[in-house]
Amino acid sequence: MKISIGADHAGYEMKQQLIEFVEKLGHTVNDVGTFAPDKPDDYPDYAKLVAEEVRSGKADRGILVCGSGVGVSVAANKFKGIRAGLCHDHYSAHQGVEHDNMNVLVLGARIIGPMMAQDSAEAFLKATFSGEERHVRRLNKVKAIEENEFR
């Protein structure tokens, strides 16, 4: 798979570790930044870059990292077609894909350590959407909310 990965200054170190780990799993990684963790930056910039790559098909999935994961998760979910989930455990990372067709994994570098981040990333990348009727029905309702047509 092609993976787009981005982080602000607070997530830079974890991002660097995840790039190496994800590549070892056999995926192609495009790092959209930050490339200068010692300079001020803003997490929405990286959410936008990853979201655009996932939406355009340049990437199959995305990974975003900031300090808590909350800010970049909020920002990423503003983009139509992006289903970003803040996951700090194995179960949520794979279940988010299997049930909700999550396409962006969000991690908080100040919340979890590198081993849990790697475990979550691996679970996210190995998972596939179940396609079960109940999950498709729910996903279609989420898509309707994006289109402002929920009934």
# chains A, B, ... in the order shown; residues from 1 in each chain; ligands from 1

$ select_by_dssp --residues "chain A" --states "helix (DSSP H, G or I)" --output "PyMOL selection string"
chain A and resi 9-24+43-56+70-76+90-100+114-126+133-146

$ residues_around --residues "range 90-96 of chain A" --least-positions-apart "3" --cutoff "6 Å" --atoms "only C-alpha atoms" --output "compact mmCIF listing (two decimals) with C-alpha atoms, in the first residue's frame"
# COMPACT_ATOMS: atom_id res chain seq x y z
CA CYS A 87 -6.35 5.18 18.11
CA HIS A 99 -16.27 -1.46 10.82
CA ASP A 100 -15.91 2.20 9.83
CA MET A 102 -11.19 4.40 8.55
CA SER A 120 -1.50 0.32 16.22
CA ALA A 123 -3.14 -3.33 12.97
CA PHE A 124 -4.46 -0.39 10.91
CA ALA A 127 -7.10 -4.48 8.41

$ residues_around --residues "Ile63 in chain A" --least-positions-apart "4" --cutoff "10 Å" --atoms "only C-alpha atoms" --output "count of residues only"
23

$ residues_around --residues "Ala75 in chain A" --least-positions-apart "4" --cutoff "12 Å" --atoms "only C-alpha atoms" --output "ChimeraX atom specification"
/A:42-51,64-66,69-71,79-80,82-86,104,106

$ select_by_dssp --residues "chain A" --states "strand (DSSP E)" --output "list in words"
Lys2, Ile3, Ser4, Ile5, Gly6, Ala7, Thr28, Val29, Asn30, Asp31, Arg61, Gly62, Ile63, Leu64, Val65, Cys66, Ala84, Gly85, Leu86, Val104, Leu105, Val106, Leu107 and Gly108 of chain A

$ decode --residues "range 3-151 of chain A" --atoms "C-alpha atoms" --output "short mmCIF file (atom, residue, chain, number, x, y, z; two decimals), in the first residue's frame"
data_model
loop_
_atom_site.label_atom_id
_atom_site.label_comp_id
_atom_site.auth_asym_id
_atom_site.auth_seq_id
_atom_site.Cartn_x
_atom_site.Cartn_y
_atom_site.Cartn_z
CA ILE A 3 0.90 5.47 2.85
CA SER A 4 1.00 9.23 3.34
CA ILE A 5 2.41 10.26 6.72
CA GLY A 6 2.62 13.64 8.38
CA ALA A 7 3.26 15.16 11.78
CA ASP A 8 3.75 18.49 13.44
CA HIS A 9 6.77 19.26 15.61
CA ALA A 10 5.36 17.27 18.55
CA GLY A 11 4.91 14.16 16.44
CA TYR A 12 8.11 14.41 14.41
CA GLU A 13 10.16 11.79 16.28
CA MET A 14 7.32 9.26 16.28
CA LYS A 15 6.71 9.93 12.58
CA GLN A 16 10.34 9.18 11.78
CA GLN A 17 10.15 5.89 13.68
CA LEU A 18 6.89 4.96 11.98
CA ILE A 19 8.25 5.61 8.49
CA GLU A 20 10.98 3.04 9.01
CA PHE A 21 8.55 0.57 10.59
CA VAL A 22 5.88 0.93 7.88
CA GLU A 23 8.48 0.50 5.14
CA LYS A 24 9.71 -2.69 6.83
CA LEU A 25 6.13 -3.96 6.62
CA GLY A 26 6.44 -3.59 2.83
CA HIS A 27 4.53 -0.38 2.26
CA THR A 28 5.60 2.69 0.30
CA VAL A 29 5.66 5.84 2.44
CA ASN A 30 5.39 9.46 1.36
CA ASP A 31 6.49 11.79 4.15
CA VAL A 32 4.71 15.15 3.82
CA GLY A 33 6.49 16.73 6.80
CA THR A 34 7.33 18.31 9.10
CA PHE A 35 10.97 18.21 8.15
CA ALA A 36 12.09 20.83 10.68
CA PRO A 37 10.79 19.90 14.15
CA ASP A 38 12.60 22.79 15.79
CA LYS A 39 10.59 25.41 13.86
CA PRO A 40 7.06 26.47 14.74
CA ASP A 41 4.40 24.74 12.69
CA ASP A 42 0.68 24.01 12.75
CA TYR A 43 -0.92 20.55 12.72
CA PRO A 44 -3.74 21.49 10.28
CA ASP A 45 -1.12 21.93 7.55
CA TYR A 46 -0.12 18.27 7.79
CA ALA A 47 -3.71 17.08 8.12
CA LYS A 48 -4.43 18.87 4.84
CA LEU A 49 -1.45 17.34 3.03
CA VAL A 50 -2.25 13.79 4.13
CA ALA A 51 -5.99 14.21 3.46
CA GLU A 52 -5.32 15.50 -0.05
CA GLU A 53 -3.10 12.53 -0.85
CA VAL A 54 -5.67 10.03 0.43
CA ARG A 55 -8.57 11.79 -1.32
CA SER A 56 -6.72 11.99 -4.63
CA GLY A 57 -5.67 8.34 -4.57
CA LYS A 58 -1.99 9.21 -4.40
CA ALA A 59 -2.07 7.34 -1.07
CA ASP A 60 -4.23 4.40 -0.07
CA ARG A 61 -4.21 5.40 3.59
CA GLY A 62 -2.71 8.02 5.85
CA ILE A 63 -1.07 8.31 9.25
CA LEU A 64 -0.98 11.56 11.22
CA VAL A 65 0.82 12.33 14.47
CA CYS A 66 0.69 15.32 16.80
CA GLY A 67 1.13 15.72 20.54
CA SER A 68 -2.23 14.37 21.69
CA GLY A 69 -3.62 13.33 18.32
CA VAL A 70 -6.78 15.30 19.01
CA GLY A 71 -6.02 18.44 17.00
CA VAL A 72 -4.84 16.69 13.88
CA SER A 73 -7.80 14.28 14.10
CA VAL A 74 -10.27 17.16 14.23
CA ALA A 75 -8.56 18.86 11.29
CA ALA A 76 -8.34 15.72 9.12
CA ASN A 77 -12.02 14.91 9.60
CA LYS A 78 -13.00 18.25 8.07
CA PHE A 79 -12.04 16.88 4.64
CA LYS A 80 -14.76 15.11 2.69
CA GLY A 81 -14.00 11.42 2.34
CA ILE A 82 -11.56 11.32 5.23
CA ARG A 83 -12.38 9.07 8.14
CA ALA A 84 -9.60 9.70 10.62
CA GLY A 85 -9.57 7.83 13.89
CA LEU A 86 -7.51 8.62 16.97
CA CYS A 87 -6.35 5.18 18.11
CA HIS A 88 -3.98 4.34 20.91
CA ASP A 89 -4.50 0.59 20.94
CA HIS A 90 -4.47 -2.44 18.67
CA TYR A 91 -8.21 -3.14 18.76
CA SER A 92 -9.37 0.36 17.83
CA ALA A 93 -6.84 0.58 15.01
CA HIS A 94 -8.09 -2.53 13.21
CA GLN A 95 -11.74 -2.22 14.22
CA GLY A 96 -11.83 1.33 12.86
CA VAL A 97 -10.97 -0.02 9.43
CA GLU A 98 -13.09 -3.18 9.63
CA HIS A 99 -16.27 -1.46 10.82
CA ASP A 100 -15.91 2.20 9.83
CA ASN A 101 -13.61 2.05 6.79
CA MET A 102 -11.19 4.40 8.55
CA ASN A 103 -8.59 5.63 6.08
CA VAL A 104 -6.36 7.77 8.32
CA LEU A 105 -4.82 6.60 11.58
CA VAL A 106 -4.11 9.34 14.11
CA LEU A 107 -1.66 8.91 16.98
CA GLY A 108 -0.68 11.09 19.93
CA ALA A 109 3.08 11.10 20.42
CA ARG A 110 2.76 12.46 23.96
CA ILE A 111 0.19 9.81 24.86
CA ILE A 112 1.66 6.50 23.71
CA GLY A 113 5.14 5.14 23.21
CA PRO A 114 6.78 3.88 20.05
CA MET A 115 5.90 0.20 20.52
CA MET A 116 2.18 0.89 20.94
CA ALA A 117 2.31 3.28 17.97
CA GLN A 118 3.90 0.56 15.83
CA ASP A 119 1.38 -2.03 17.01
CA SER A 120 -1.50 0.32 16.22
CA ALA A 121 -0.06 1.19 12.81
CA GLU A 122 0.42 -2.47 11.92
CA ALA A 123 -3.14 -3.33 12.97
CA PHE A 124 -4.46 -0.39 10.91
CA LEU A 125 -2.48 -1.36 7.82
CA LYS A 126 -3.37 -5.07 7.96
CA ALA A 127 -7.10 -4.48 8.41
CA THR A 128 -9.69 -4.38 5.66
CA PHE A 129 -13.24 -3.08 5.63
CA SER A 130 -15.63 -5.96 6.36
CA GLY A 131 -18.28 -4.91 3.84
CA GLU A 132 -20.94 -6.35 6.16
CA GLU A 133 -24.39 -4.92 5.50
CA ARG A 134 -24.64 -3.19 8.87
CA HIS A 135 -21.23 -1.52 8.41
CA VAL A 136 -22.03 -0.44 4.86
CA ARG A 137 -25.36 0.98 6.06
CA ARG A 138 -23.62 2.97 8.81
CA LEU A 139 -20.85 4.14 6.48
CA ASN A 140 -23.47 5.37 4.02
CA LYS A 141 -25.06 7.40 6.82
CA VAL A 142 -21.67 8.97 7.59
CA LYS A 143 -21.25 9.80 3.91
CA ALA A 144 -24.74 11.34 3.90
CA ILE A 145 -23.73 13.58 6.79
CA GLU A 146 -20.81 14.80 4.66
CA GLU A 147 -23.29 15.58 1.90
CA ASN A 148 -25.63 17.23 4.45
CA GLU A 149 -28.39 14.78 3.50
CA PHE A 150 -28.78 12.73 6.67
CA ARG A 151 -32.41 11.74 7.37
#
